[in-house]
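Engineer: Structure: data01.cif, mmCIF, C-alpha atoms.
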```cif
data_start
loop_
_atom_site.label_atom_id
_atom_site.label_comp_id
_atom_site.auth_asym_id
_atom_site.auth_seq_id
_atom_site.Cartn_x
_atom_site.Cartn_y
_atom_site.Cartn_z
CA MET A 1 -26.24 -18.58 -16.15
CA GLU A 2 -23.80 -20.67 -14.16
CA LEU A 3 -22.29 -19.18 -11.04
CA ALA A 4 -18.75 -19.57 -12.41
CA GLN A 5 -19.65 -17.46 -15.44
CA GLN A 6 -21.11 -14.75 -13.19
CA LEU A 7 -18.06 -14.69 -10.93
CA GLN A 8 -15.46 -14.76 -13.69
CA PRO A 9 -15.46 -11.03 -14.54
CA ARG A 10 -15.04 -9.89 -10.94
CA PHE A 11 -12.17 -12.33 -10.46
CA GLN A 12 -10.48 -10.84 -13.52
CA VAL A 13 -10.89 -7.35 -12.08
CA VAL A 14 -9.46 -8.45 -8.72
CA LEU A 15 -6.49 -10.08 -10.47
CA ALA A 16 -5.83 -6.93 -12.49
CA CYS A 17 -5.94 -4.83 -9.31
CA PHE A 18 -3.55 -7.29 -7.66
CA LEU A 19 -1.14 -6.86 -10.57
CA ALA A 20 -1.53 -3.08 -10.27
CA THR A 21 -0.27 -2.99 -6.69
CA LEU A 22 2.43 -5.53 -7.57
CA THR A 23 3.73 -3.36 -10.42
CA ALA A 24 3.63 -0.17 -8.37
CA TYR A 25 5.76 -1.72 -5.64
CA VAL A 26 8.24 -3.14 -8.14
CA GLU A 27 8.75 0.49 -9.11
CA ARG A 28 9.15 1.67 -5.52
CA VAL A 29 11.67 -1.01 -4.56
CA GLY A 30 13.40 -0.58 -7.91
CA PHE A 31 14.01 3.07 -7.20
CA SER A 32 15.35 2.33 -3.70
CA ILE A 33 17.83 -0.15 -5.20
CA ALA A 34 18.81 2.19 -8.03
CA PHE A 35 19.18 5.25 -5.81
CA THR A 36 21.27 3.34 -3.25
CA ALA A 37 23.80 2.70 -6.03
CA MET A 38 23.48 6.24 -7.38
CA ALA A 39 23.99 7.77 -3.93
CA GLU A 40 27.08 5.67 -3.25
CA GLU A 41 28.62 6.71 -6.56
CA ALA A 42 27.90 10.39 -5.86
CA GLY A 43 28.96 10.26 -2.19
CA VAL A 44 25.54 11.31 -0.89
CA GLY A 45 25.22 11.21 2.93
CA GLU A 46 22.61 9.24 4.85
CA GLY A 47 20.61 12.36 5.77
CA VAL A 48 20.27 13.55 2.18
CA LYS A 49 19.63 9.98 1.07
CA GLY A 50 16.74 9.70 3.50
CA THR A 51 15.32 13.02 2.32
CA VAL A 52 15.35 11.93 -1.33
CA LEU A 53 13.84 8.55 -0.50
CA SER A 54 11.05 10.30 1.42
CA ALA A 55 10.31 12.70 -1.48
CA PHE A 56 7.99 10.10 -3.00
CA TYR A 57 5.75 10.35 0.05
CA TRP A 58 5.48 14.13 -0.22
CA GLY A 59 3.93 13.68 -3.66
CA TYR A 60 1.90 10.72 -2.46
CA GLY A 61 0.51 12.83 0.35
CA ILE A 62 -0.42 15.74 -1.93
CA SER A 63 -2.75 13.46 -3.90
CA GLN A 64 -4.49 12.43 -0.68
CA ALA A 65 -4.24 15.54 1.51
CA ARG A 66 -7.17 17.76 2.34
CA HIS A 67 -7.93 20.87 0.31
CA PRO A 68 -10.71 23.41 0.81
CA ALA A 69 -13.51 23.47 -1.73
CA PRO A 70 -16.54 25.76 -1.99
CA ALA A 71 -19.09 22.94 -1.95
CA GLN A 72 -17.38 20.77 0.63
CA LEU A 73 -15.66 21.10 3.97
CA CYS A 74 -12.65 19.27 2.54
CA LEU A 75 -11.79 16.59 0.05
CA ILE A 76 -9.30 13.78 -0.26
CA PRO A 77 -8.22 14.00 -3.92
CA GLY A 78 -7.47 10.30 -4.43
CA GLY A 79 -10.68 8.99 -2.90
CA TRP A 80 -12.78 11.90 -4.13
CA ALA A 81 -11.53 11.55 -7.71
CA ALA A 82 -12.25 7.82 -7.70
CA GLN A 83 -15.78 8.44 -6.42
CA ARG A 84 -16.40 11.35 -8.81
CA PHE A 85 -14.84 10.07 -12.04
CA GLY A 86 -14.83 6.32 -11.42
CA GLY A 87 -12.14 4.02 -10.08
CA GLU A 88 -11.34 2.56 -13.50
CA ARG A 89 -10.58 5.94 -15.07
CA VAL A 90 -8.55 7.19 -12.13
CA LEU A 91 -6.54 3.97 -12.01
CA THR A 92 -5.75 4.36 -15.72
CA ALA A 93 -4.61 7.95 -15.28
CA SER A 94 -2.52 7.07 -12.22
CA PHE A 95 -0.51 4.43 -14.05
CA ALA A 96 0.01 6.57 -17.14
CA LEU A 97 1.36 9.49 -15.10
CA TRP A 98 3.65 7.61 -12.70
CA SER A 99 5.11 5.49 -15.50
CA LEU A 100 6.02 8.63 -17.44
CA ALA A 101 7.53 10.28 -14.35
CA SER A 102 9.58 7.17 -13.62
CA LEU A 103 10.92 7.12 -17.17
CA LEU A 104 11.99 10.77 -16.81
CA THR A 105 13.79 10.31 -13.45
CA PRO A 106 17.50 11.34 -13.71
CA GLY A 107 19.88 8.38 -13.69
CA SER A 108 22.44 10.09 -11.47
CA ALA A 109 22.35 11.36 -7.89
CA ALA A 110 24.59 14.30 -8.74
CA ASN A 111 21.49 16.50 -8.86
CA THR A 112 19.49 15.35 -5.86
CA ARG A 113 16.90 18.10 -6.35
CA ALA A 114 15.96 16.82 -9.80
CA VAL A 115 15.73 13.25 -8.52
CA ALA A 116 13.60 14.36 -5.57
CA ALA A 117 11.31 16.34 -7.90
CA ALA A 118 10.80 13.29 -10.09
CA ARG A 119 9.99 11.17 -7.04
CA ILE A 120 7.42 13.72 -5.90
CA CYS A 121 5.72 13.37 -9.29
CA VAL A 122 5.76 9.57 -9.09
CA GLY A 123 4.32 9.73 -5.59
CA LEU A 124 1.67 12.23 -6.66
CA ALA A 125 0.44 9.88 -9.39
CA GLN A 126 0.64 6.70 -7.29
CA GLY A 127 -1.34 8.41 -4.54
CA PHE A 128 -4.49 7.90 -6.61
CA LEU A 129 -3.85 4.16 -7.03
CA ILE A 130 -5.07 2.62 -3.77
CA PRO A 131 -8.27 4.71 -3.41
CA ALA A 132 -9.09 3.91 -7.04
CA VAL A 133 -8.50 0.19 -6.49
CA HIS A 134 -10.77 0.16 -3.45
CA THR A 135 -13.49 2.00 -5.35
CA VAL A 136 -13.27 -0.58 -8.15
CA LEU A 137 -13.44 -3.45 -5.65
CA ALA A 138 -16.44 -1.91 -3.87
CA ALA A 139 -18.28 -1.88 -7.20
CA TRP A 140 -17.36 -5.37 -8.39
CA VAL A 141 -16.96 -7.50 -5.24
CA PRO A 142 -19.85 -8.42 -2.90
CA PRO A 143 -19.43 -7.95 0.88
CA THR A 144 -19.04 -11.68 1.58
CA GLU A 145 -15.89 -11.83 -0.58
CA ARG A 146 -14.49 -8.41 0.20
CA ALA A 147 -11.95 -9.16 2.95
CA ARG A 148 -10.28 -11.81 0.82
CA ALA A 149 -10.37 -9.61 -2.29
CA VAL A 150 -8.80 -6.68 -0.45
CA SER A 151 -6.17 -8.90 1.16
CA LEU A 152 -5.26 -10.45 -2.20
CA THR A 153 -5.12 -7.10 -3.94
CA THR A 154 -2.97 -5.41 -1.30
CA SER A 155 -0.71 -8.46 -1.03
CA GLY A 156 0.46 -7.59 -4.53
CA MET A 157 2.55 -4.93 -2.81
CA TYR A 158 4.60 -7.58 -1.07
CA LEU A 159 4.90 -10.03 -3.94
CA GLY A 160 5.99 -7.11 -6.10
CA SER A 161 8.57 -6.12 -3.51
CA ALA A 162 9.82 -9.73 -3.36
CA ALA A 163 10.08 -9.97 -7.14
CA ALA A 164 11.93 -6.66 -7.25
CA MET A 165 14.35 -7.71 -4.52
CA LEU A 166 15.05 -10.97 -6.35
CA VAL A 167 15.55 -9.67 -9.87
CA LEU A 168 16.42 -5.98 -9.81
CA PRO A 169 19.70 -5.90 -7.78
CA SER A 170 21.49 -8.09 -10.32
CA LEU A 171 19.86 -6.24 -13.22
CA GLY A 172 20.91 -2.93 -11.72
CA ALA A 173 24.48 -4.13 -11.26
CA ARG A 174 24.57 -5.31 -14.87
CA LEU A 175 22.67 -2.51 -16.61
CA GLY A 176 23.24 0.41 -14.25
CA PRO A 177 20.76 2.42 -12.16
CA ALA A 178 19.59 4.61 -15.04
CA ALA A 179 18.52 1.62 -17.13
CA LEU A 180 16.83 0.11 -14.08
CA LEU A 181 14.68 3.21 -13.67
CA ARG A 182 13.63 3.07 -17.33
CA LEU A 183 12.76 -0.61 -17.00
CA VAL A 184 10.35 -0.15 -14.10
CA GLY A 185 8.69 2.73 -15.92
CA CYS A 186 8.06 0.47 -18.90
CA LEU A 187 6.51 -2.13 -16.60
CA GLY A 188 3.88 0.43 -15.63
CA LEU A 189 3.00 1.04 -19.27
CA GLY A 190 2.74 -2.72 -19.78
CA TRP A 191 0.22 -3.03 -16.96
CA LEU A 192 -1.76 -0.15 -18.46
CA ALA A 193 -2.20 -2.08 -21.72
CA LEU A 194 -3.31 -5.15 -19.74
CA TRP A 195 -5.83 -3.08 -17.77
CA ARG A 196 -7.47 -1.61 -20.84
CA ALA A 197 -7.81 -5.08 -22.39
CA THR A 198 -9.24 -6.49 -19.15
CA LEU A 199 -11.85 -3.75 -18.88
CA ALA A 200 -13.04 -4.28 -22.44
CA ARG A 201 -13.31 -8.04 -21.90
CA VAL A 202 -15.14 -8.03 -18.54
CA ARG A 203 -17.63 -5.43 -19.72
CA ARG A 204 -18.53 -7.62 -22.68
CA GLN A 205 -18.81 -10.67 -20.41
CA ALA A 206 -20.91 -8.81 -17.83
CA ALA A 207 -23.29 -7.55 -20.49
CA ALA A 208 -23.58 -10.98 -22.14
CA ALA A 209 -24.23 -12.67 -18.78
CA SER A 210 -26.91 -10.09 -17.85
CA MET A 211 -25.42 -9.84 -14.37
CA PRO A 212 -27.77 -8.47 -11.72
CA LEU A 213 -27.01 -5.05 -10.26
CA HIS A 214 -26.22 -6.40 -6.80
CA ASP A 215 -23.34 -8.45 -8.26
CA VAL A 216 -21.68 -5.97 -10.61
CA ASP A 217 -22.20 -2.28 -11.23
CA VAL A 218 -19.99 -1.63 -14.23
CA GLU A 219 -21.22 1.93 -14.65
CA SER A 220 -20.50 2.88 -11.05
CA SER A 221 -17.01 1.44 -11.24
CA GLY A 222 -16.20 3.11 -14.51
CA LYS A 223 -17.89 6.49 -14.36
CA GLY A 224 -18.32 7.24 -10.69
CA HIS A 225 -22.12 7.21 -10.75
CA SER A 226 -24.44 4.55 -9.43
CA LYS A 227 -27.13 3.12 -11.65
CA LYS A 228 -29.53 4.18 -8.97
CA GLY A 229 -28.51 7.79 -9.40
CA ARG A 230 -25.79 10.08 -8.29
CA PRO A 231 -24.41 9.41 -4.84
CA GLY A 232 -25.38 11.85 -2.15
CA SER A 233 -22.98 14.33 -0.65
CA THR A 234 -20.11 12.79 1.27
CA PRO A 235 -20.60 13.10 5.07
CA TRP A 236 -17.17 14.65 5.63
CA ARG A 237 -17.88 16.19 9.02
CA SER A 238 -19.34 13.06 10.62
CA MET A 239 -16.65 10.79 9.16
CA LEU A 240 -13.77 12.99 10.30
CA ALA A 241 -15.30 13.28 13.78
CA HIS A 242 -15.94 9.57 14.34
CA PRO A 243 -13.46 7.58 16.50
CA ALA A 244 -13.88 4.48 14.32
CA VAL A 245 -12.51 6.34 11.30
CA TRP A 246 -9.56 7.60 13.33
CA ALA A 247 -8.85 4.07 14.55
CA ILE A 248 -8.29 3.12 10.91
CA VAL A 249 -6.25 6.28 10.30
CA VAL A 250 -3.95 5.67 13.27
CA ASN A 251 -3.35 2.05 12.31
CA ASN A 252 -2.68 2.95 8.69
CA PHE A 253 0.01 5.34 9.97
CA THR A 254 1.40 2.64 12.26
CA PHE A 255 1.53 -0.03 9.57
CA HIS A 256 3.11 2.14 6.93
CA TYR A 257 5.65 3.65 9.30
CA ALA A 258 7.07 0.20 9.99
CA PHE A 259 6.68 -1.00 6.41
CA TYR A 260 8.16 2.03 4.67
CA VAL A 261 11.11 2.25 7.04
CA VAL A 262 11.98 -1.40 6.48
CA MET A 263 11.31 -1.32 2.72
CA ASN A 264 13.36 1.81 2.01
CA TRP A 265 16.23 1.06 4.39
CA LEU A 266 16.46 -2.70 3.83
CA PRO A 267 19.28 -2.44 1.25
CA THR A 268 21.29 -0.31 3.71
CA TYR A 269 20.42 -2.64 6.62
CA PHE A 270 21.71 -5.68 4.76
CA ASP A 271 24.84 -3.82 3.66
CA LYS A 272 25.83 -2.11 6.91
CA VAL A 273 24.45 -4.43 9.61
CA LEU A 274 24.69 -7.84 7.95
CA HIS A 275 27.62 -6.92 5.68
CA ALA A 276 25.96 -8.57 2.70
CA SER A 277 24.96 -7.03 -0.62
CA LEU A 278 21.47 -7.70 -1.92
CA SER A 279 22.79 -9.26 -5.12
CA SER A 280 24.69 -11.87 -3.08
CA LEU A 281 21.70 -13.03 -1.01
CA GLY A 282 19.83 -14.88 -3.73
CA LEU A 283 16.33 -16.01 -2.78
CA ALA A 284 16.88 -15.11 0.88
CA LYS A 285 16.35 -11.40 0.23
CA THR A 286 12.86 -12.08 -1.12
CA LEU A 287 11.74 -14.10 1.90
CA PRO A 288 10.44 -11.13 3.97
CA TYR A 289 8.16 -9.98 1.17
CA LEU A 290 7.05 -13.48 0.17
CA VAL A 291 6.03 -14.19 3.76
CA MET A 292 4.32 -10.80 3.92
CA PHE A 293 2.39 -11.73 0.78
CA ALA A 294 1.25 -15.01 2.34
CA ALA A 295 0.55 -13.47 5.76
CA SER A 296 -1.53 -10.66 4.29
CA ASN A 297 -3.80 -13.18 2.60
CA ALA A 298 -3.82 -15.29 5.77
CA GLY A 299 -5.00 -12.24 7.73
CA GLY A 300 -7.93 -11.77 5.38
CA TRP A 301 -8.91 -15.43 5.57
CA ALA A 302 -8.46 -15.47 9.36
CA GLY A 303 -10.75 -12.47 9.76
CA ASP A 304 -13.43 -14.05 7.59
CA TRP A 305 -13.06 -17.34 9.49
CA VAL A 306 -13.56 -15.66 12.88
CA ILE A 307 -16.66 -13.89 11.58
CA ASN A 308 -18.25 -16.61 9.42
CA VAL A 309 -17.21 -19.83 11.17
CA ARG A 310 -16.68 -18.80 14.78
CA ARG A 311 -19.73 -16.52 14.55
CA ARG A 312 -18.00 -13.60 16.20
CA SER A 313 -18.88 -10.01 15.36
CA VAL A 314 -17.18 -8.20 12.50
CA ALA A 315 -15.51 -5.85 14.99
CA ALA A 316 -14.17 -8.79 17.03
CA GLY A 317 -12.73 -10.44 13.93
CA ARG A 318 -10.98 -7.27 12.77
CA LYS A 319 -9.61 -6.49 16.25
CA LEU A 320 -8.27 -10.00 16.84
CA VAL A 321 -6.34 -10.10 13.56
CA ASN A 322 -5.10 -6.53 13.99
CA THR A 323 -3.82 -7.05 17.53
CA ALA A 324 -2.11 -10.37 16.82
CA GLY A 325 -0.31 -8.92 13.82
CA PHE A 326 0.92 -5.68 15.34
CA TRP A 327 2.06 -7.08 18.69
CA SER A 328 4.07 -9.82 16.99
CA ALA A 329 5.55 -7.30 14.56
CA ALA A 330 6.66 -5.07 17.44
CA ALA A 331 8.59 -7.93 19.03
CA ALA A 332 10.32 -8.77 15.75
CA LEU A 333 11.27 -5.14 15.07
CA MET A 334 13.04 -4.97 18.42
CA LEU A 335 15.08 -8.04 17.46
CA MET A 336 16.25 -6.77 14.06
CA PRO A 337 19.11 -4.48 15.21
CA GLY A 338 20.64 -7.31 17.23
CA ALA A 339 21.05 -9.65 14.26
CA ARG A 340 24.55 -11.10 14.15
CA SER A 341 24.26 -13.15 10.97
CA VAL A 342 22.57 -12.96 7.60
CA ALA A 343 20.26 -15.82 8.60
CA SER A 344 19.07 -14.13 11.79
CA GLY A 345 18.69 -10.77 10.06
CA VAL A 346 16.56 -12.28 7.31
CA ALA A 347 14.53 -14.22 9.91
CA PHE A 348 13.78 -11.15 12.04
CA THR A 349 12.95 -9.02 9.00
CA THR A 350 10.69 -11.76 7.67
CA LEU A 351 8.86 -12.07 10.98
CA ALA A 352 8.41 -8.29 11.29
CA LEU A 353 7.02 -7.78 7.80
CA GLY A 354 4.98 -10.98 7.88
CA CYS A 355 3.22 -9.96 11.09
CA CYS A 356 2.61 -6.47 9.71
CA GLY A 357 1.04 -8.07 6.65
CA PHE A 358 -1.22 -10.24 8.83
CA SER A 359 -2.54 -7.11 10.57
CA ARG A 360 -4.03 -5.89 7.29
CA GLY A 361 -6.86 -8.36 7.81
CA GLY A 362 -7.95 -5.96 10.55
CA PHE A 363 -7.59 -2.22 9.93
CA SER A 364 -7.15 -2.39 6.15
CA VAL A 365 -10.57 -3.96 5.54
CA ASN A 366 -12.45 -2.04 8.22
CA HIS A 367 -13.24 1.00 6.05
CA MET A 368 -15.45 -1.23 3.89
CA ASP A 369 -17.27 -2.38 7.02
CA ILE A 370 -18.13 1.07 8.34
CA ALA A 371 -18.47 3.05 5.08
CA PRO A 372 -18.81 0.76 2.03
CA ARG A 373 -20.25 3.48 -0.17
CA TYR A 374 -17.36 5.80 0.66
CA ALA A 375 -14.66 3.10 0.70
CA GLY A 376 -12.33 5.08 -1.57
CA VAL A 377 -12.80 8.27 0.43
CA VAL A 378 -12.08 6.66 3.81
CA MET A 379 -9.10 4.87 2.28
CA GLY A 380 -7.88 8.23 0.99
CA ILE A 381 -8.18 9.74 4.47
CA SER A 382 -6.31 6.87 6.12
CA ASN A 383 -3.72 6.70 3.35
CA THR A 384 -2.97 10.36 4.01
CA ALA A 385 -1.78 9.27 7.44
CA GLY A 386 0.08 6.34 5.92
CA THR A 387 1.81 8.69 3.52
CA LEU A 388 2.77 11.04 6.32
CA SER A 389 4.39 8.11 8.07
CA GLY A 390 6.51 7.54 4.97
CA VAL A 391 7.66 11.15 4.92
CA VAL A 392 8.40 11.16 8.64
CA GLY A 393 9.66 7.61 9.08
CA VAL A 394 12.02 7.32 6.14
CA ALA A 395 13.62 10.72 6.68
CA THR A 396 13.77 10.34 10.48
CA THR A 397 15.50 6.99 10.15
CA GLY A 398 18.19 8.57 8.00
CA TYR A 399 18.90 11.26 10.57
CA LEU A 400 18.79 8.80 13.49
CA LEU A 401 21.45 6.73 11.74
CA GLN A 402 23.48 9.84 10.97
CA TRP A 403 23.29 11.16 14.54
CA ALA A 404 24.32 7.74 15.89
CA GLY A 405 27.53 7.92 13.86
CA GLY A 406 26.51 6.15 10.68
CA ALA A 407 24.49 3.21 9.43
CA ASP A 408 27.18 0.78 10.57
CA ARG A 409 26.52 1.67 14.24
CA PRO A 410 23.89 -0.50 16.01
CA ALA A 411 22.62 2.37 18.19
CA GLY A 412 20.92 4.13 15.30
CA TRP A 413 19.14 0.98 14.18
CA TYR A 414 17.93 0.26 17.73
CA GLN A 415 16.42 3.74 17.92
CA ALA A 416 14.85 3.55 14.47
CA PHE A 417 13.19 0.17 14.95
CA ALA A 418 12.14 0.93 18.54
CA VAL A 419 10.12 3.90 17.30
CA ALA A 420 8.31 1.62 14.85
CA ALA A 421 7.73 -1.08 17.48
CA VAL A 422 6.21 1.31 20.01
CA GLN A 423 3.83 2.62 17.36
CA CYS A 424 2.70 -0.93 16.51
CA VAL A 425 1.63 -1.55 20.10
CA ALA A 426 0.06 1.89 20.56
CA GLY A 427 -1.83 1.69 17.27
CA SER A 428 -3.30 -1.70 18.10
CA LEU A 429 -4.55 -0.38 21.44
CA VAL A 430 -6.31 2.50 19.69
CA PHE A 431 -7.96 0.02 17.31
CA LEU A 432 -9.10 -2.17 20.20
CA ALA A 433 -10.70 0.82 21.88
CA ALA A 434 -12.36 2.59 18.95
CA ALA A 435 -12.86 0.28 15.96
CA ARG A 436 -16.38 -0.69 14.87
CA GLY A 437 -17.70 -3.39 12.57
CA ASP A 438 -21.16 -2.08 11.70
CA ARG A 439 -22.06 0.24 8.83
CA LEU A 440 -21.81 3.82 10.09
CA PHE A 441 -21.94 5.84 6.85
CA GLY A 442 -23.63 5.42 3.50
CA GLY A 443 -26.97 3.76 4.19
CA ASP A 444 -27.62 0.23 2.97
CA ALA A 445 -25.52 -1.91 0.67
CA ALA A 446 -27.47 -0.80 -2.38
CA ASP A 447 -26.05 2.67 -2.07
CA PHE A 448 -22.63 1.65 -3.19
CA GLN A 449 -23.42 -1.22 -5.48
#
```
Is it possible to give me this structure as structure tokens?
Structural biologist:
Amino acid sequence: MELAQQLQPRFQVVLACFLATLTAYVERVGFSIAFTAMAEEAGVGEGVKGTVLSAFYWGYGISQARHPAPAQLCLIPGGWAAQRFGGERVLTASFALWSLASLLTPGSAANTRAVAAARICVGLAQGFLIPAVHTVLAAWVPPTERARAVSLTTSGMYLGSAAAMLVLPSLGARLGPAALLRLVGCLGLGWLALWRATLARVRRQAAAASMPLHDVDVESSGKGHSKKGRPGSTPWRSMLAHPAVWAIVVNNFTFHYAFYVVMNWLPTYFDKVLHASLSSLGLAKTLPYLVMFAASNAGGWAGDWVINVRRRSVAAGRKLVNTAGFWSAAAALMLMPGARSVASGVAFTTLALGCCGFSRGGFSVNHMDIAPRYAGVVMGISNTAGTLSGVVGVATTGYLLQWAGGADRPAGWYQAFAVAAVQCVAGSLVFLAAARGDRLFGGDAADFQ
């Protein structure tokens, strides 16, 4: 069988996972745009606005937070569910649930509690998405292609954000925020139909091609069990005690703090600082996310290039990409509040998000280096920290702006972005000190394939 025929199914799976993250982030940005209009109509203050915007991350955190269990020290529901029931099944359930919750979100900000409750439900369901995606990728993609596959898949977040920023503001202005919320919910159901069709097709192709186990493990991806038997018990204690795991956790928090603050407050930043509505910016408003999409993929390729071409260690490759991305992002974040024109504001925002995206070629791939068999579990642990940063960062930014006298005052923006910049530098230093590139948990590669 030709190599192209053997690779085709895994490429289809990677593309479907890319579209999954893209669709999920269209929904997230769509809500931010819709709720900004809803809050303005209802006269909601910046503090309450920040609280509602952060409600998503409370639900997102619940699906990844630790809970006691009789047979385990703790579990991370998103990663554990993907390992136990299979990434394909969990991904299907995640999309079905968040799409329904999005469709049921109130179209008015008059009842902020109801809106916040709906966002908690959306966040709860989407919390299973990323661990499930990483479990699917660990089953279908070989180690030599993994950094690029992860970078491509996660870059869907940024292309989805760009597409949402380009299309949804004008749609929201024309149709209203309630219709916008229904639209993004329907997009989730559309992806679900695509996913089911893709799974049926690649399974037929994999069976017809008689793919060897080391290339594709359809059963492991779909049902949560390896063809070599049930996976052993997860080494929770050793993983949670290892500095290399915490290096990933800290950097996930750092990345998402900066990203979620910018993503959720970007409509307000453009309106109050640059005095420009999103609908009037045209293609310019998509530039930060388009560059982040490209930079995220560039980070994955750069990491592979350092390792495979320059013959540096895996740890060196991850650390180099991580440090370059975060330090550059910190500088750009400090420049954002001082923007005096739409062009400079877009440029600084683009640089900040682009450099953050580049850093994903470091910390975001590292869990597959140190624990390939437990990729979904480690991602669930680190995403718990990333979710916490969304809860803390988005709400804190709202109150910093409120305490500074409003979102039209530069002082609040300086404080908000300085907090994110300091974390970028500190997080990169932790990664330099503690990150590893060798397999620490899970035995040999056969354990997870």
Engineer: Applied to the shown file, which residues does the PyMOL selection byres ((chain A and resi 417) around 8) return, written as a PyMOL selection string?
Structural biologist: chain A and resi 258+333-334+336-337+413-416+418-421
Engineer: At a cut-off of 6 Å, using only C-alpha atoms, what residues contact range 230-247 of chain A? Leave out same-chain residues fewer than 5 positions from it and give the result as a count of residues only.
Structural biologist: 6
Engineer: Would you mind reading off the distance between CA of Pro131 in chain A and CA of Met379 in chain A, one decimal, in Å?
Structural biologist: 5.8 Å
Engineer: Using the chain letters and residue numbers of this document, give as a list in words the residues selected by the PyMOL selection byres ((chain A and resi 156-162) around 6).
Structural biologist: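 Applying the PyMOL selection byres ((chain A and resi 156-162) around 6) to the structure shown produces Phe18, Thr21, Leu22, Tyr25, Val26, Thr153, Thr154, Ser155, Ala163, Ala164, Met165, Thr286, Tyr289, Leu290, Met292 and Phe293 of chain A.
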Engineer: Restricting the calculation to only C-alpha atoms, which member of A:Thr396, A:Ser277, A:Asn252, A:Thr268 is positioned closest to Val365 in chain A?
Structural biologist: A:Asn252
Engineer: As a check of understanding, name the residues that the PyMOL selection byres ((chain A and resi 332) around 10) selects in the supplied structure, as a PyMOL selection string.
Structural biologist: chain A and resi 326-331+333-337+347-355+417+421
Engineer: Of the candidates A:Ile33, A:Ala96, A:Met368, A:Val391, which shows the shortest atom-to-atom distance to Leu189 in chain A, using only C-alpha atoms?
Structural biologist: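 Of A:Ile33, A:Ala96, A:Met368, A:Val391, the one nearest Leu189 in chain A is A:Ala96, counting only C-alpha atoms.
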Engineer: Would you be able to write out as number ranges by chain which residues have an atom within 8 Å of (-18.1, 1.7, 6.2) in the file's coordinates, counting only C-alpha atoms?
Structural biologist: A: 366-375, 438-442
Engineer: At what distance in Å, to one decimal, does CA of Gly176 in chain A lie from CA of Pro106 in chain A?
Structural biologist: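 So the answer is 12.4 Å.
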Engineer: Which is closer to Lys49 in chain A than all the others in A:Arg28, A:Arg113, A:Arg89, A:Arg360, using all atoms listed in the file?
Structural biologist: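 Closest to Lys49 in chain A of all the choices is A:Arg113.
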Engineer: Closest to Ser428 in chain A among A:His275, A:Arg318, A:Arg204, A:Arg84, using all atoms listed in the file?
Structural biologist: A:Arg318
Engineer: I need every residue sitting at most 7 Å from the point (-0.3, -9.1, 10.8) (coordinates as in the file, all atoms listed in the file considered), written as a ChimeraX atom specification.
Structural biologist: /A:295-296,299,321-322,324-326,354-360
Engineer: Using only C-alpha atoms, can you tell me which of A:Ser102, A:Thr135, A:Thr254, A:Thr92 comes closest to Leu194 in chain A?
Structural biologist: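 Selected residue with least distance to Leu194 in chain A: A:Thr92.
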Engineer: With only C-alpha atoms as the basis for distance, which of A:Ser279, A:Gln12, A:Asn308, A:Thr51 is at the shortest distance from Pro267 in chain A?
Structural biologist: A:Ser279
Engineer: Write out as a ChimeraX atom specification each polymer residue whose atoms come within 12 Å of Gly30 in chain A, counting all atoms listed in the file; drop sequence neighbours fewer than 5 positions from it.
Structural biologist: /A:23-25,35-37,53,102,160-172,176-185,187,263-264,267
Engineer: Just to confirm, what's the straight-line distance from CA of Ala132 in chain A to CA of Ser382 in chain A in Å (one decimal)?
Structural biologist: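 Computing the Euclidean distance for CA of Ala132 in chain A and CA of Ser382 in chain A yields 13.8 Å.
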Engineer: So which residues touch Lys319 in chain A within 6 Å, counting all atoms listed in the file, skipping near sequence neighbours fewer than 3 positions away, as an NGL selection string?
Structural biologist: :A and (316 or 322-323 or 362 or 432)
Engineer: Please output range 257-264 of chain A, rebuilt to include N, CA and C atoms, as a PDB file, keeping the file's coordinate frame.
Structural biologist:
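Wrote selection-v3.pdb, looks like this:
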```pdb
ATOM      1  N   TYR A 257       4.391   3.201   8.711  1.00  0.00           N
ATOM      2  CA  TYR A 257       5.650   3.650   9.300  1.00  0.00           C
ATOM      3  C   TYR A 257       6.632   2.487   9.338  1.00  0.00           C
ATOM      4  N   ALA A 258       6.191   1.369   9.902  1.00  0.00           N
ATOM      5  CA  ALA A 258       7.070   0.200   9.990  1.00  0.00           C
ATOM      6  C   ALA A 258       7.435  -0.324   8.606  1.00  0.00           C
ATOM      7  N   PHE A 259       6.441  -0.418   7.733  1.00  0.00           N
ATOM      8  CA  PHE A 259       6.680  -1.000   6.410  1.00  0.00           C
ATOM      9  C   PHE A 259       7.602  -0.141   5.560  1.00  0.00           C
ATOM     10  N   TYR A 260       7.350   1.167   5.516  1.00  0.00           N
ATOM     11  CA  TYR A 260       8.160   2.030   4.670  1.00  0.00           C
ATOM     12  C   TYR A 260       9.592   2.157   5.178  1.00  0.00           C
ATOM     13  N   VAL A 261       9.760   2.185   6.494  1.00  0.00           N
ATOM     14  CA  VAL A 261      11.110   2.250   7.040  1.00  0.00           C
ATOM     15  C   VAL A 261      11.901   1.004   6.648  1.00  0.00           C
ATOM     16  N   VAL A 262      11.286  -0.164   6.829  1.00  0.00           N
ATOM     17  CA  VAL A 262      11.980  -1.400   6.480  1.00  0.00           C
ATOM     18  C   VAL A 262      12.207  -1.485   4.971  1.00  0.00           C
ATOM     19  N   MET A 263      11.190  -1.183   4.167  1.00  0.00           N
ATOM     20  CA  MET A 263      11.310  -1.320   2.720  1.00  0.00           C
ATOM     21  C   MET A 263      12.391  -0.403   2.147  1.00  0.00           C
ATOM     22  N   ASN A 264      12.418   0.855   2.583  1.00  0.00           N
ATOM     23  CA  ASN A 264      13.360   1.810   2.010  1.00  0.00           C
ATOM     24  C   ASN A 264      14.777   1.649   2.545  1.00  0.00           C
TER      25      ASN A 264
END
```
